[in-house]
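Engineer: Got a structure for you, questions after.
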Amino acid sequence: MVDLDLVRKSPELFEAACKAKNIKLDIRAFLKIDMERREKMAETQTMQAKRNAVSKKMPTIKDKTEKESIVKEMKLLGEKLKEHEAALGVLDAQWMAMQLRLPGLPLPNVPKGKDDSENVEIRTHGKIPTFDFDLKDHVALGESLDIIDIPRGVKIAGARSYFLKGDGARLEYALLMFTLDHLKKKGFTAFIPPLLVNYDAMVGTSYFPGGEEMAYAVGVRKSQSQPIESDDVYLIGTSEVSVTSYHGGETLDLQALPKRYCGISNCFRREAGTYGKDTHGLYRIHQFQKVEQVILCENDPAVSAKMHKEILQNAEEVLQALKLPYRVVDVCTGDMGQGQIYKNDIETWMPSRKCYGETHSCSTFHDFQSRRLNIKYTAKDGTKKFVHTLNNTCIASPRILIPVLEMYQNKDGSVTVPEVLRPYMGGQEKIKKPS
RNA sequence: GGAGAGGUGGCCGAGUGGUCGAUGGCGACAGUCUUGAAAACUGUUAAUCCCGCAAGGGGUUCGUGGGUUCGAAUCCCACCCUCUCCGCCA
């Protein structure tokens with residue numbers, strides 16, 4: 001949600017943002033509805049005021065004839081009012097539907113571009129290595145080490161499903177635990193959040209409306225022949241949804257900001273519209289685990305910019321500790337979400353893909369989410385302000401297993417366990433073929 | 001899943017058709033008193049939307065959505081949530 005005063009005063013800003021973000025929304029049409037709605041509102045409110053005034057006087061009227069005539073008049077007014085309220089309801093619904101699609105305004109330094117091909121690299125870290133033997137990709141490694149089983153995942157759950165097994169499962173948990181400990185040192189509070197959330201949480205974090213096809217809706221099918229009844233709850237695609245919504249509707253203390261939170265959760269994505277894309281291996285799957293950083297801070301672009309750097313760095317430090325080469329890109333307008341106003345992706349080198357692949361996504365929203373979620377704080381001057389929200393991946397697995405397994409593979413087919421993870425795997429140094 | 005109880009302002013709690021956005025208490029804030037603090041006393045104390053440069057005016061909100069009525073916190077219906085007991089269960 002955006003500041004509507006700004007839309008009314010400077011619609012051209014939002015038209016430009018729609019264009020830049022490939023959002024099909026007619027700002028002028030919205031403003032027309034907005035105007036009509038306010039006019040209808042004024043009419044309705046005048047009638048309501050009249051009704052209230054008469055109702056207030058009613059008990060003092062003793063004269064029976066006068067009373068009857070007023071009741072008659074009010075009955076008429078009531079009918080007209082009902083019509084007005086119904087018309088206002090229609091306008092409200094249209095207004096809300098459009099209002100929820102208004103884009104956050106990208107910061108001036110965001111590169112213009114149509115899609116991820118126009119993201120701009122801003123730095124790289126680590127050297128892309130060369131190997132003196134034929135590399136296996138993570139699928140081949142996972143199979144030969146018996147730590148990843150994709151065919152059986154597909155057998156029981158369909159395309160884009162998998163099992164992690166044995167040391168593969170342990171390696172994933174080592175990565176997650178290492179990351180949680182890293183964030184603990186940085187002052188973050190960990191959350192195991194609800195994985196199933198209601199519609200409001202999806203709207204509040206701006207996944208809905210628009211992202212319905214990406215989320216699994218949960219329902220019940222009472223028998224095979226009956227249709228599924230929706231429970232109107234949704235599996236989260238990221239713990240950002242639950243954790244950012246945690247303070248929904250609350251007014252926080254300024255002293256308590258910034259809130260440094262991280263959620264650890266399974267994440268579920270339908271990946272609708274990606275048929276045929278990234279079908280190989282563990283890159284794009286329906287279910288994964290993620291430690292996500294979430295920040296709530298004061299409504300000051302300088303402060304949220306600082307927090308953005310902080311959570312970006314936290315993620316980079318994890319990759320550095322794992323000794324994985326990566327690069328950071330400025331995400332261009334066309335590859336940004338509706339509410340995001342600045343976004344960096346971290347892409348980690350994936351030898352089998354012979355390119356960097358997105359492993360982290362760091363987003364600043366300013367007050368876009370907090371307006372929807374109604375999260376405020378009391379500022380120094382006593383006024384209530386909406387917090388700024390941000391989030392960034394800190395680790396997401398199994399996608400991160402692609403570079404970990406591929407980069408740490410040895411000529412004999414084994415995989416060395418990254419040093420920082422060994423304490424989380426009972427000191428184990430290598431993942432070897434089962435004998 | 002079965003039976004029952006309940007959802008009122010920051011919190012507790014009264015209100016069962018009309019000058020009720022709502023008595024009272026607690027908390028918070030300001031003031032008086034005090035060397036200072038406490039106590040006592042006095043006053044202030046919701047959110048949100050619309051109109052307005054502002055002063056101000058008005059609408060909405062008593063879990064949510066409908067309905068009855070000239071008028072609903074109060075009556076009716078549906079749904080949601082919380083609590084207690086029973087059943088099932090990790």
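Residues are referred to by chain and number: the chain letter is A, B, ... according to the order shown in the structure tokens, the number counts from 1 in that chain, and ligands are numbered separately from 1 in the order shown.
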Please run DSSP on the backbone and report, as number ranges by chain, all residues within region 16-219 of chain A that come out as alpha helix (DSSP H).

Structural biologist: A: 16-20, 27-57, 64-99, 138-144, 150-157, 167-185, 199-204

Engineer: Return as number ranges by chain the residues belonging to chain B that are within 6 Å of chain A, counting only C-alpha atoms (C1' of nucleotides).

Structural biologist: B: 18-19, 59, 70-71

Engineer: Among region 382-420 of chain A, which ones does DSSP assign to strand (DSSP E) (computed from the backbone)? Answer as a list in words.

Structural biologist: Lys384, Lys385, Phe386, His388, Thr389, Leu390, Asn391, Asn392, Thr393, Cys394, Ile395, Ala396, Ser397, Val415 and Thr416 of chain A

Engineer: Near A3 (chain B), within 12 Å and counting only C-alpha atoms (C1' of nucleotides), which residues show up once chain neighbours fewer than 2 positions away are dropped, as a PyMOL selection string?

Structural biologist: chain B and resi 1+5+84-87

Engineer: So, with only C-alpha atoms (C1' of nucleotides) as the atoms that count, which of B:G9, B:A90, B:C76, B:A28 lies closest to A47 (chain B)?

Structural biologist: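 Comparing B:G9, B:A90, B:C76, B:A28 against A47 (chain B), the winner is B:G9.
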
Engineer: Just the residues within 12 Å of Cys355 (chain A), please, counting only C-alpha atoms (C1' of nucleotides), with nothing from its chain fewer than 3 positions along; format it as a ChimeraX atom specification.

Structural biologist: /A:128,325-327,347-352,358,402-403

Engineer: What's the 10 Å shell around U69 (chain B), counting only C-alpha atoms (C1' of nucleotides), without same-chain residues fewer than 3 positions away, as an mmCIF file with N, CA and C atoms (P, O5', C5', C4', C3', O3' and C1' of nucleotides), in the first residue's frame?

Structural biologist:
```
data_model
loop_
_atom_site.group_PDB
_atom_site.id
_atom_site.type_symbol
_atom_site.label_atom_id
_atom_site.label_comp_id
_atom_site.auth_asym_id
_atom_site.auth_seq_id
_atom_site.Cartn_x
_atom_site.Cartn_y
_atom_site.Cartn_z
ATOM 1 N N LYS A 75 -37.920 6.769 7.342
ATOM 2 C CA LYS A 75 -38.021 5.493 6.644
ATOM 3 C C LYS A 75 -37.607 5.677 5.186
ATOM 4 P P G B 17 -33.520 -3.408 26.811
ATOM 5 O "O5'" G B 17 -33.332 -2.806 25.339
ATOM 6 C "C5'" G B 17 -32.054 -2.379 24.882
ATOM 7 C "C4'" G B 17 -32.236 -1.320 23.844
ATOM 8 C "C3'" G B 17 -33.175 -0.185 24.178
ATOM 9 O "O3'" G B 17 -32.454 1.028 24.025
ATOM 10 C "C1'" G B 17 -33.442 -0.882 21.955
ATOM 11 P P A B 72 -29.359 1.389 14.145
ATOM 12 O "O5'" A B 72 -29.431 1.005 15.682
ATOM 13 C "C5'" A B 72 -28.648 1.677 16.663
ATOM 14 C "C4'" A B 72 -27.969 0.645 17.548
ATOM 15 C "C3'" A B 72 -26.872 -0.146 16.854
ATOM 16 O "O3'" A B 72 -25.898 -0.545 17.807
ATOM 17 C "C1'" A B 72 -28.576 -1.612 17.491
ATOM 18 P P C B 75 -29.024 -8.822 23.103
ATOM 19 O "O5'" C B 75 -30.243 -8.903 22.069
ATOM 20 C "C5'" C B 75 -31.586 -9.000 22.532
ATOM 21 C "C4'" C B 75 -32.510 -9.225 21.358
ATOM 22 C "C3'" C B 75 -31.993 -10.211 20.307
ATOM 23 O "O3'" C B 75 -32.269 -11.543 20.693
ATOM 24 C "C1'" C B 75 -32.773 -8.274 19.227
#
```

Engineer: Work out how far apart CA of Leu235 (chain A) and CA of Leu196 (chain A) are and give it in Å to one decimal.

Structural biologist: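 Spanning CA of Leu235 (chain A) to CA of Leu196 (chain A) is a straight-line distance of 4.7 Å.
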
Engineer: Using Å and a single decimal, report how far CA of Ile295 (chain A) sits from CA of Leu390 (chain A).

Structural biologist: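 So the answer is 5.0 Å.
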